[in-house]
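Visitor: Got a structure for you, start.cif, holding mmCIF, C-alpha atoms, pLDDT in the B column; chains and numbers go by the auth columns.
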```cif
data_protein
loop_
_atom_site.group_PDB
_atom_site.id
_atom_site.type_symbol
_atom_site.label_atom_id
_atom_site.label_comp_id
_atom_site.label_asym_id
_atom_site.label_seq_id
_atom_site.Cartn_x
_atom_site.Cartn_y
_atom_site.Cartn_z
_atom_site.B_iso_or_equiv
_atom_site.auth_seq_id
_atom_site.auth_asym_id
ATOM 1 C CA MET A 1 -22.365 5.092 3.128 83.00 1 T
ATOM 2 C CA LEU A 2 -18.679 4.341 3.539 89.00 2 T
ATOM 3 C CA VAL A 3 -17.480 0.780 4.018 92.00 3 T
ATOM 4 C CA GLU A 4 -14.151 -0.292 5.489 95.00 4 T
ATOM 5 C CA PHE A 5 -11.962 -2.799 3.631 95.00 5 T
ATOM 6 C CA LEU A 6 -9.034 -4.677 5.162 95.00 6 T
ATOM 7 C CA VAL A 7 -6.438 -5.302 2.437 93.00 7 T
ATOM 8 C CA THR A 8 -3.364 -7.505 2.679 92.00 8 T
ATOM 9 C CA THR A 9 -0.472 -6.942 0.297 90.00 9 T
ATOM 10 C CA ALA A 10 2.772 -8.823 -0.179 89.00 10 T
ATOM 11 C CA THR A 11 5.542 -7.531 -2.404 86.00 11 T
ATOM 12 C CA GLN A 12 8.746 -9.279 -3.398 86.00 12 T
ATOM 13 C CA VAL A 13 11.675 -7.337 -4.788 85.00 13 T
ATOM 14 C CA PRO A 14 13.130 -9.204 -7.768 88.00 14 T
ATOM 15 C CA GLU A 15 16.682 -10.343 -7.182 88.00 15 T
ATOM 16 C CA GLY A 16 19.185 -7.966 -8.732 91.00 16 T
ATOM 17 C CA THR A 17 16.979 -4.873 -8.425 90.00 17 T
ATOM 18 C CA PRO A 18 19.220 -1.884 -7.641 94.00 18 T
ATOM 19 C CA GLU A 19 18.824 -0.649 -4.071 92.00 19 T
ATOM 20 C CA ASP A 20 18.249 2.940 -5.232 95.00 20 T
ATOM 21 C CA GLU A 21 15.206 1.759 -7.256 93.00 21 T
ATOM 22 C CA VAL A 22 13.839 -0.043 -4.197 88.00 22 T
ATOM 23 C CA ARG A 23 14.320 3.072 -2.013 92.00 23 T
ATOM 24 C CA ASP A 24 12.635 5.293 -4.611 94.00 24 T
ATOM 25 C CA LEU A 25 9.642 2.975 -4.946 90.00 25 T
ATOM 26 C CA ARG A 26 9.247 2.758 -1.159 90.00 26 T
ATOM 27 C CA ARG A 27 9.457 6.559 -0.911 94.00 27 T
ATOM 28 C CA ARG A 28 6.732 6.982 -3.559 94.00 28 T
ATOM 29 C CA GLU A 29 4.604 4.299 -1.900 92.00 29 T
ATOM 30 C CA ALA A 30 4.888 6.076 1.473 94.00 30 T
ATOM 31 C CA ALA A 31 4.014 9.436 -0.108 96.00 31 T
ATOM 32 C CA ARG A 32 0.894 7.992 -1.762 95.00 32 T
ATOM 33 C CA ALA A 33 -0.157 6.270 1.479 95.00 33 T
ATOM 34 C CA HIS A 34 0.233 9.624 3.248 96.00 34 T
ATOM 35 C CA GLU A 35 -2.022 11.317 0.657 96.00 35 T
ATOM 36 C CA LEU A 36 -4.670 8.627 1.131 96.00 36 T
ATOM 37 C CA ALA A 37 -4.428 8.966 4.928 97.00 37 T
ATOM 38 C CA ILE A 38 -4.913 12.747 4.741 97.00 38 T
ATOM 39 C CA SER A 39 -8.019 12.226 2.591 95.00 39 T
ATOM 40 C CA LYS A 40 -9.262 9.616 5.131 95.00 40 T
ATOM 41 C CA GLN A 41 -9.283 6.850 2.515 96.00 41 T
ATOM 42 C CA LEU A 42 -6.482 4.980 4.292 96.00 42 T
ATOM 43 C CA LEU A 43 -7.442 4.658 7.948 97.00 43 T
ATOM 44 C CA ARG A 44 -4.613 2.447 9.275 97.00 44 T
ATOM 45 C CA LEU A 45 -1.535 0.729 7.914 96.00 45 T
ATOM 46 C CA TRP A 46 0.379 -2.087 9.581 96.00 46 T
ATOM 47 C CA ARG A 47 3.622 -3.753 8.550 92.00 47 T
ATOM 48 C CA ALA A 48 3.203 -7.519 8.853 88.00 48 T
ATOM 49 C CA PRO A 49 5.929 -10.111 9.487 86.00 49 T
ATOM 50 C CA SER A 50 7.602 -11.122 6.246 84.00 50 T
ATOM 51 C CA ARG A 51 10.423 -13.165 4.800 83.00 51 T
ATOM 52 C CA PRO A 52 13.716 -11.684 3.590 80.00 52 T
ATOM 53 C CA GLY A 53 13.206 -9.774 0.327 76.00 53 T
ATOM 54 C CA GLU A 54 9.454 -9.530 0.930 82.00 54 T
ATOM 55 C CA SER A 55 7.308 -6.686 2.266 84.00 55 T
ATOM 56 C CA ARG A 56 3.877 -7.365 3.749 90.00 56 T
ATOM 57 C CA THR A 57 1.312 -4.827 4.905 92.00 57 T
ATOM 58 C CA LEU A 58 -2.266 -4.730 6.148 95.00 58 T
ATOM 59 C CA GLY A 59 -4.232 -1.621 5.273 95.00 59 T
ATOM 60 C CA LEU A 60 -7.658 -0.494 6.427 97.00 60 T
ATOM 61 C CA PHE A 61 -9.255 1.522 3.627 96.00 61 T
ATOM 62 C CA SER A 62 -12.545 3.410 3.536 95.00 62 T
ATOM 63 C CA ALA A 63 -14.605 3.712 0.358 92.00 63 T
ATOM 64 C CA GLU A 64 -18.164 3.690 -0.904 88.00 64 T
ATOM 65 C CA LYS A 65 -17.837 0.346 -2.685 84.00 65 T
ATOM 66 C CA ASP A 66 -15.304 -2.329 -3.579 80.00 66 T
ATOM 67 C CA THR A 67 -14.665 -0.859 -7.023 83.00 67 T
ATOM 68 C CA ALA A 68 -13.574 2.374 -5.345 86.00 68 T
ATOM 69 C CA VAL A 69 -11.097 0.422 -3.197 86.00 69 T
ATOM 70 C CA ALA A 70 -9.743 -1.274 -6.316 88.00 70 T
ATOM 71 C CA SER A 71 -9.164 2.171 -7.809 90.00 71 T
ATOM 72 C CA LEU A 72 -7.379 3.371 -4.646 88.00 72 T
ATOM 73 C CA LEU A 73 -5.122 0.326 -4.634 89.00 73 T
ATOM 74 C CA SER A 74 -4.270 0.688 -8.305 90.00 74 T
ATOM 75 C CA SER A 75 -3.083 4.244 -7.581 90.00 75 T
ATOM 76 C CA MET A 76 -0.286 2.900 -5.367 89.00 76 T
ATOM 77 C CA PRO A 77 3.169 2.834 -7.012 85.00 77 T
ATOM 78 C CA LEU A 78 3.687 -0.866 -6.220 75.00 78 T
ATOM 79 C CA ARG A 79 0.584 -1.688 -8.255 69.00 79 T
ATOM 80 C CA SER A 80 1.380 0.599 -11.201 54.00 80 T
#
```
Take the structure in this file and express it as structure tokens.

Guide:
Amino acid sequence: MLVEFLVTTATQVPEGTPEDEVRDLRRREAARAHELAISKQLLRLWRAPSRPGESRTLGLFSAEKDTAVASLLSSMPLRS
């Protein structure tokens, strides 16, 4: 049986990080989210209000158990 998990993430870009690195990481993050959406493991993704230099999202994931969700989340570039 699949269970849905609502996950909140907040990411802060360290001051001085080159903008091209930030763009590349966001591109890879979006690509991985797309892969998870196609496989129906990421059901919805929302961008939440955030402060300058911060990125916040809410994601609705589907998995068989919480350890599977932890594995999905660790596959995201921002968590690597």

Visitor: Report as a list in words the full result of the PyMOL selection byres ((chain T and resi 22-37) around 9) when it is applied to this structure.

Guide: Val13, Thr17, Pro18, Glu19, Asp20, Glu21, Ile38, Ser39, Lys40, Gln41, Leu42, Leu43, Arg44, Leu45, Phe61, Leu72, Ser75, Met76, Pro77 and Leu78 of chain T

Visitor: Would you mind listing what lies within 7 Å of Ala48 (chain T) as JSON, numbers by chain, with only C-alpha atoms counted and same-chain residues fewer than 2 positions away left out?

Guide: {"T": [46, 50, 56, 57, 58]}

Visitor: Go ahead and compute the interatomic distance for CA of Ser55 (chain T) and CA of Ala68 (chain T), in Å to one decimal.

Guide: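 About the pair CA of Ser55 (chain T) and CA of Ala68 (chain T): they are 24.0 Å apart.
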
Visitor: List the neighbours of Ala63 (chain T) out to 8 Å using only C-alpha atoms; skip same-chain residues closer than 2 positions along the sequence, and give me the result as an MDAnalysis selection string.

Guide: chainID T and resid 2:5 41 61 65:66 68:69

Visitor: Mind pulling up the distance from CA of Leu6 (chain T) to CA of Leu73 (chain T)?

Guide: 11.7 Å

Visitor: For Val7 (chain T), which of T:Thr67, T:Arg47, T:Pro52, T:Leu60 is the closest residue, counting only C-alpha atoms?

Guide: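 Residue with the minimum atom-to-atom distance to Val7 (chain T): T:Leu60.
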
Visitor: Which residues come within 9 Å of Gly53 (chain T), counting all atoms listed in the file, excluding same-chain residues fewer than 5 positions away, as number ranges by chain?

Guide: T: 11-15
